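Reproduced below: query.cif, with mmCIF, C-alpha atoms.
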```cif
data_structure
loop_
_atom_site.label_atom_id
_atom_site.label_comp_id
_atom_site.auth_asym_id
_atom_site.auth_seq_id
_atom_site.Cartn_x
_atom_site.Cartn_y
_atom_site.Cartn_z
CA MET A 1 0.00 0.00 0.00
CA SER A 2 1.36 3.41 -0.89
CA ASP A 3 1.99 6.13 1.72
CA GLU A 4 -0.78 8.24 0.17
CA ALA A 5 -3.31 5.39 0.47
CA GLY A 6 -2.36 4.81 4.10
CA GLN A 7 -2.77 8.49 4.93
CA ALA A 8 -6.21 8.49 3.28
CA THR A 9 -7.25 5.44 5.27
CA GLY A 10 -6.06 7.10 8.45
CA ARG A 11 -8.07 10.23 7.75
CA HIS A 12 -11.27 8.17 7.36
CA ARG A 13 -10.66 6.09 10.48
CA SER A 14 -12.63 7.50 13.48
CA ASP A 15 -10.69 8.88 16.39
CA PRO A 16 -12.11 7.05 19.49
CA TRP A 17 -11.19 9.93 21.78
CA LYS A 18 -13.04 12.40 19.57
CA VAL A 19 -16.15 10.15 19.52
CA ALA A 20 -16.06 9.78 23.30
CA PHE A 21 -15.70 13.55 23.74
CA VAL A 22 -18.71 14.26 21.52
CA ALA A 23 -20.79 11.66 23.36
CA LEU A 24 -19.86 13.16 26.75
CA LEU A 25 -20.67 16.65 25.46
CA VAL A 26 -24.13 15.53 24.31
CA VAL A 27 -24.82 13.84 27.65
CA ALA A 28 -23.66 16.95 29.48
CA LEU A 29 -25.93 19.19 27.40
CA VAL A 30 -28.91 16.89 28.02
CA CYS A 31 -28.20 16.96 31.75
CA VAL A 32 -27.94 20.76 31.78
CA VAL A 33 -31.20 21.18 29.83
CA THR A 34 -32.98 18.68 32.09
CA TRP A 35 -31.71 20.48 35.19
CA VAL A 36 -32.77 23.88 33.85
CA LEU A 37 -36.26 22.58 33.03
CA LEU A 38 -36.88 20.39 36.06
CA GLY A 39 -34.49 21.23 38.83
CA SER A 40 -33.36 24.84 38.65
CA ARG A 41 -35.17 27.92 39.93
CA LEU A 42 -34.99 29.59 36.53
CA LEU A 43 -38.09 28.15 34.81
CA VAL A 44 -40.58 27.80 37.63
CA VAL A 45 -44.16 29.03 38.02
CA ARG A 46 -44.03 32.57 39.36
CA ASP A 47 -47.42 33.74 38.12
CA VAL A 48 -50.77 32.22 37.08
CA ALA A 49 -52.42 34.44 34.46
CA VAL A 50 -56.20 34.01 34.06
CA SER A 51 -58.15 35.36 31.08
CA GLY A 52 -61.75 35.20 29.83
CA VAL A 53 -63.48 35.69 33.17
CA GLU A 54 -66.26 38.10 34.10
CA ARG A 55 -68.47 36.31 36.60
CA VAL A 56 -65.76 34.07 38.04
CA ARG A 57 -63.10 35.74 40.16
CA PRO A 58 -59.53 35.09 38.90
CA GLU A 59 -58.53 34.03 42.41
CA GLU A 60 -61.10 31.23 42.26
CA VAL A 61 -59.57 29.91 39.06
CA VAL A 62 -56.04 30.12 40.45
CA ALA A 63 -57.14 28.23 43.56
CA ALA A 64 -58.91 25.59 41.47
CA VAL A 65 -55.92 24.99 39.19
CA ASP A 66 -53.91 24.48 42.40
CA VAL A 67 -50.33 24.82 41.14
CA GLU A 68 -47.92 26.21 43.71
CA THR A 69 -45.52 28.97 42.75
CA GLY A 70 -42.03 27.58 42.53
CA THR A 71 -43.16 24.42 40.72
CA PRO A 72 -40.99 23.75 37.65
CA LEU A 73 -43.09 24.84 34.69
CA ALA A 74 -42.21 21.69 32.75
CA ARG A 75 -43.57 19.50 35.54
CA VAL A 76 -47.04 21.06 35.66
CA ASP A 77 -49.78 18.58 34.69
CA LEU A 78 -51.76 20.76 32.28
CA ASP A 79 -54.65 18.32 31.86
CA SER A 80 -55.20 17.99 35.61
CA GLY A 81 -55.15 21.76 35.99
CA ARG A 82 -57.70 22.12 33.21
CA GLU A 83 -60.00 19.53 34.77
CA ARG A 84 -59.86 21.29 38.14
CA ALA A 85 -60.64 24.66 36.54
CA GLU A 86 -63.59 23.12 34.68
CA GLY A 87 -64.89 21.86 38.00
CA LEU A 88 -65.97 25.40 38.88
CA ASP A 89 -69.73 25.83 38.48
CA LEU A 90 -69.56 28.80 36.11
CA VAL A 91 -66.72 27.49 33.94
CA GLU A 92 -67.81 25.74 30.74
CA SER A 93 -64.30 24.96 29.53
CA ALA A 94 -60.70 25.92 30.22
CA GLU A 95 -57.30 25.62 28.59
CA VAL A 96 -54.07 25.58 30.61
CA THR A 97 -50.78 26.29 28.83
CA ARG A 98 -47.19 27.11 29.70
CA GLY A 99 -46.05 30.67 29.15
CA TRP A 100 -42.28 30.48 29.26
CA PRO A 101 -40.26 31.35 31.18
CA ALA A 102 -42.36 31.59 34.35
CA THR A 103 -46.11 31.94 33.71
CA LEU A 104 -48.93 29.42 33.76
CA ARG A 105 -51.77 30.64 31.53
CA VAL A 106 -55.40 29.68 32.10
CA GLU A 107 -57.92 30.69 29.41
CA VAL A 108 -61.50 30.29 30.60
CA VAL A 109 -64.79 30.09 28.70
CA GLU A 110 -67.58 30.93 31.15
CA ARG A 111 -71.07 29.54 31.03
CA ARG A 112 -73.53 32.08 29.67
CA PRO A 113 -77.22 32.48 30.45
CA LEU A 114 -79.60 31.40 27.69
CA LEU A 115 -82.95 30.78 29.40
CA ALA A 116 -84.97 32.05 32.35
CA VAL A 117 -86.80 29.84 34.83
CA PRO A 118 -89.47 31.30 37.17
CA VAL A 119 -88.38 30.76 40.78
CA GLY A 120 -90.57 32.16 43.55
CA GLU A 121 -90.99 35.90 42.97
CA GLY A 122 -88.07 36.10 40.54
CA TYR A 123 -86.25 34.31 37.76
CA ARG A 124 -83.20 32.09 37.53
CA LEU A 125 -80.97 32.41 34.49
CA VAL A 126 -79.49 29.10 33.33
CA ASP A 127 -77.27 27.86 30.52
CA GLY A 128 -77.91 24.95 28.18
CA ASP A 129 -77.01 22.44 30.88
CA GLY A 130 -79.48 24.01 33.29
CA VAL A 131 -76.65 25.35 35.47
CA ARG A 132 -77.61 28.44 37.47
CA ILE A 133 -75.73 31.50 36.28
CA GLU A 134 -77.47 34.21 38.28
CA ASP A 135 -80.84 35.26 39.69
CA SER A 136 -82.96 38.25 38.67
CA GLU A 137 -85.87 39.92 40.40
CA THR A 138 -87.35 41.00 37.05
CA ARG A 139 -87.87 39.02 33.90
CA PRO A 140 -84.88 39.49 31.57
CA GLY A 141 -86.14 40.54 28.17
CA ASN A 142 -83.36 38.85 26.19
CA HIS A 143 -83.70 35.40 27.76
CA PRO A 144 -86.87 33.42 26.91
CA LEU A 145 -88.71 31.58 29.64
CA VAL A 146 -88.44 27.79 29.56
CA ARG A 147 -90.99 25.30 30.90
CA VAL A 148 -89.87 21.73 31.61
CA THR A 149 -90.73 18.91 33.97
CA GLY A 150 -88.32 17.60 36.58
CA GLU A 151 -84.98 19.06 37.64
CA ILE A 152 -83.55 21.95 35.68
CA GLU A 153 -79.85 21.10 35.84
CA GLY A 154 -78.90 18.32 33.44
CA ASN A 155 -82.39 18.18 31.94
CA PRO A 156 -82.31 17.21 28.21
CA ALA A 157 -85.39 19.37 27.64
CA VAL A 158 -83.45 22.44 28.81
CA ARG A 159 -80.68 21.51 26.38
CA ALA A 160 -83.22 21.26 23.54
CA ALA A 161 -84.67 24.69 24.40
CA ALA A 162 -81.19 26.18 24.61
CA ASP A 163 -80.35 24.82 21.16
CA ILE A 164 -83.34 26.71 19.77
CA VAL A 165 -82.14 29.91 21.42
CA GLU A 166 -78.58 29.48 20.13
CA GLU A 167 -79.74 28.88 16.55
CA ALA A 168 -82.29 31.70 16.48
CA PRO A 169 -81.17 34.97 14.88
CA ASP A 170 -81.49 38.09 17.03
CA SER A 171 -84.63 39.17 15.18
CA LEU A 172 -86.37 35.90 16.07
CA LEU A 173 -84.90 35.63 19.56
CA ALA A 174 -86.36 39.01 20.45
CA GLN A 175 -89.87 37.62 19.75
CA ILE A 176 -89.57 34.34 21.68
CA GLN A 177 -91.40 34.62 24.98
CA LEU A 178 -91.64 31.00 26.14
CA ILE A 179 -90.30 27.62 25.11
CA ASP A 180 -92.50 24.84 26.43
CA ALA A 181 -90.45 21.63 26.49
CA THR A 182 -92.57 19.69 28.97
CA GLU A 183 -93.11 17.10 26.23
CA ALA A 184 -89.82 16.24 24.53
CA GLU A 185 -91.48 15.24 21.25
CA GLN A 186 -93.83 18.24 21.11
CA ILE A 187 -91.86 21.37 21.96
CA THR A 188 -93.77 24.60 21.35
CA VAL A 189 -92.51 28.17 21.14
CA GLU A 190 -94.70 31.13 22.06
CA LEU A 191 -94.01 34.41 20.28
CA GLY A 192 -94.69 37.87 21.62
CA ALA A 193 -97.29 38.65 18.95
CA GLY A 194 -99.47 35.79 20.19
CA ALA A 195 -98.36 33.35 17.51
CA LEU A 196 -97.29 29.79 18.29
CA VAL A 197 -94.56 27.62 16.79
CA GLU A 198 -95.00 23.86 16.80
CA TRP A 199 -91.36 22.79 16.95
CA GLY A 200 -91.69 19.05 17.41
CA ASP A 201 -88.70 17.21 18.90
CA SER A 202 -85.18 18.56 19.39
CA SER A 203 -83.82 17.34 16.05
CA ASP A 204 -82.96 19.48 13.00
CA THR A 205 -82.75 22.64 15.10
CA GLU A 206 -80.79 24.66 12.52
CA GLU A 207 -83.04 23.67 9.61
CA LYS A 208 -86.21 24.39 11.58
CA SER A 209 -84.87 27.81 12.57
CA ASP A 210 -84.11 28.66 8.92
CA VAL A 211 -87.57 27.49 7.77
CA LEU A 212 -89.29 29.46 10.52
CA ARG A 213 -87.53 32.64 9.47
CA VAL A 214 -88.81 32.21 5.92
CA LEU A 215 -92.37 31.53 7.10
CA MET A 216 -92.35 34.55 9.41
CA ARG A 217 -91.08 36.77 6.61
CA GLU A 218 -93.85 35.62 4.28
CA HIS A 219 -96.52 35.48 7.01
CA PRO A 220 -95.74 37.98 9.81
CA PRO A 221 -96.75 36.74 13.29
CA GLU A 222 -100.18 37.66 14.60
CA GLU A 223 -102.55 36.54 17.33
CA GLY A 224 -103.62 32.89 16.93
CA GLN A 225 -101.30 32.12 14.03
CA VAL A 226 -99.49 28.75 14.13
CA TYR A 227 -96.23 27.90 12.39
CA ASP A 228 -95.66 24.15 12.16
CA VAL A 229 -91.98 23.36 11.55
CA SER A 230 -91.99 19.98 13.28
CA HIS A 231 -91.26 18.48 9.83
CA PRO A 232 -89.22 21.26 8.18
CA GLY A 233 -89.60 19.77 4.71
CA LEU A 234 -93.40 20.04 5.06
CA ALA A 235 -93.71 23.22 7.14
CA ILE A 236 -97.07 24.99 7.10
CA VAL A 237 -98.79 28.08 8.48
CA ARG A 238 -102.36 27.95 9.69
#
```
Could you quickly redo this structure as structure tokens?
Amino acid sequence: MSDEAGQATGRHRSDPWKVAFVALLVVALVCVVTWVLLGSRLLVVRDVAVSGVERVRPEEVVAAVDVETGTPLARVDLDSGRERAEGLDLVESAEVTRGWPATLRVEVVERRPLLAVPVGEGYRLVDGDGVRIEDSETRPGNHPLVRVTGEIEGNPAVRAAADIVEEAPDSLLAQIQLIDATEAEQITVELGAGALVEWGDSSDTEEKSDVLRVLMREHPPEEGQVYDVSHPGLAIVR
């Protein structure tokens, strides 16, 4: 073998000391990163920032999430924190994220009132799950009354009535006075003009709402008028 060939072979042969040094350097870097994330005081929770709240006090959310300041941010169980925040009565959903270097962020979606339930001398405002949001001494004009049988919270009939409210455009919502869901298959909606809507069951809510708008535009509501949208493909006015 020529001297040039031997030198070329030597250049391609790995230097074991160089390989060992690179391996040790990588291990050292991993250890440093792990220590910074999990063991040092540099990237720890120093603040819990809460957003999206109006009815719920931020301190309540912070207490519910229950993450102590000084906890390494990388060690925070985000899913557990979210579940604890969603355990608050007025919280519909929550998202917990890390805000490097030292903030835990909690974004809350609060429950919102959709319906009013007569209670004693006043009214209770509830969301689609029947959860109490607040009480009012006077009837709120922008929340239709709902009539159901049984408990309010968790009642499927309340959910069906809330779906109608959520699908209704503002122009229709302003006319809805009462949603009678005492019979799940024969929901009726009373309008302010004295007209009645035969809604049927809780299915096809969006389609029924669209059909009702067309019928009301062609036949404006009046006393004694009935809109039957229980079968939206065969809707009638009588």
Nearby residues (all atoms listed in the file) at most 8 Å from Thr71 (chain A), same-chain spacing under 3 positions excluded, as a list in words: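 Once the adjacent positions are removed, what remains is Val44, Val45, Val67, Glu68, Arg75 and Val76 of chain A.
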If you keep C-alpha atoms, can you produce a file of those selected residues as a PDB file, in the coordinates of the input?
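Dumped everything to selection-v8.pdb:
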```
ATOM      1  CA  VAL A  44     -40.580  27.800  37.630  1.00  0.00           C
ATOM      2  CA  VAL A  45     -44.160  29.030  38.020  1.00  0.00           C
ATOM      3  CA  VAL A  67     -50.330  24.820  41.140  1.00  0.00           C
ATOM      4  CA  GLU A  68     -47.920  26.210  43.710  1.00  0.00           C
ATOM      5  CA  ARG A  75     -43.570  19.500  35.540  1.00  0.00           C
ATOM      6  CA  VAL A  76     -47.040  21.060  35.660  1.00  0.00           C
TER       7      VAL A  76
END
```
From the list A:Ser80, A:Ser203, A:Ile236, A:Ala162, which residue is nearest Glu218 (chain A) when using all atoms listed in the file? A:Ile236
May I ask for the distance between CA of Ala74 (chain A) and CA of Gly87 (chain A), given in Å to one decimal place?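 CA of Ala74 (chain A) sits 23.3 Å away from CA of Gly87 (chain A).
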What is the CA of Asn155 (chain A)-CA of Gly128 (chain A) distance in Å, reported with one decimal? 8.9 Å
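Comparing A:Leu78, A:Val50, A:Val229, A:Val65 by their smallest distance to Val108 (chain A), the closest is A:Val50 (using all atoms listed in the file).
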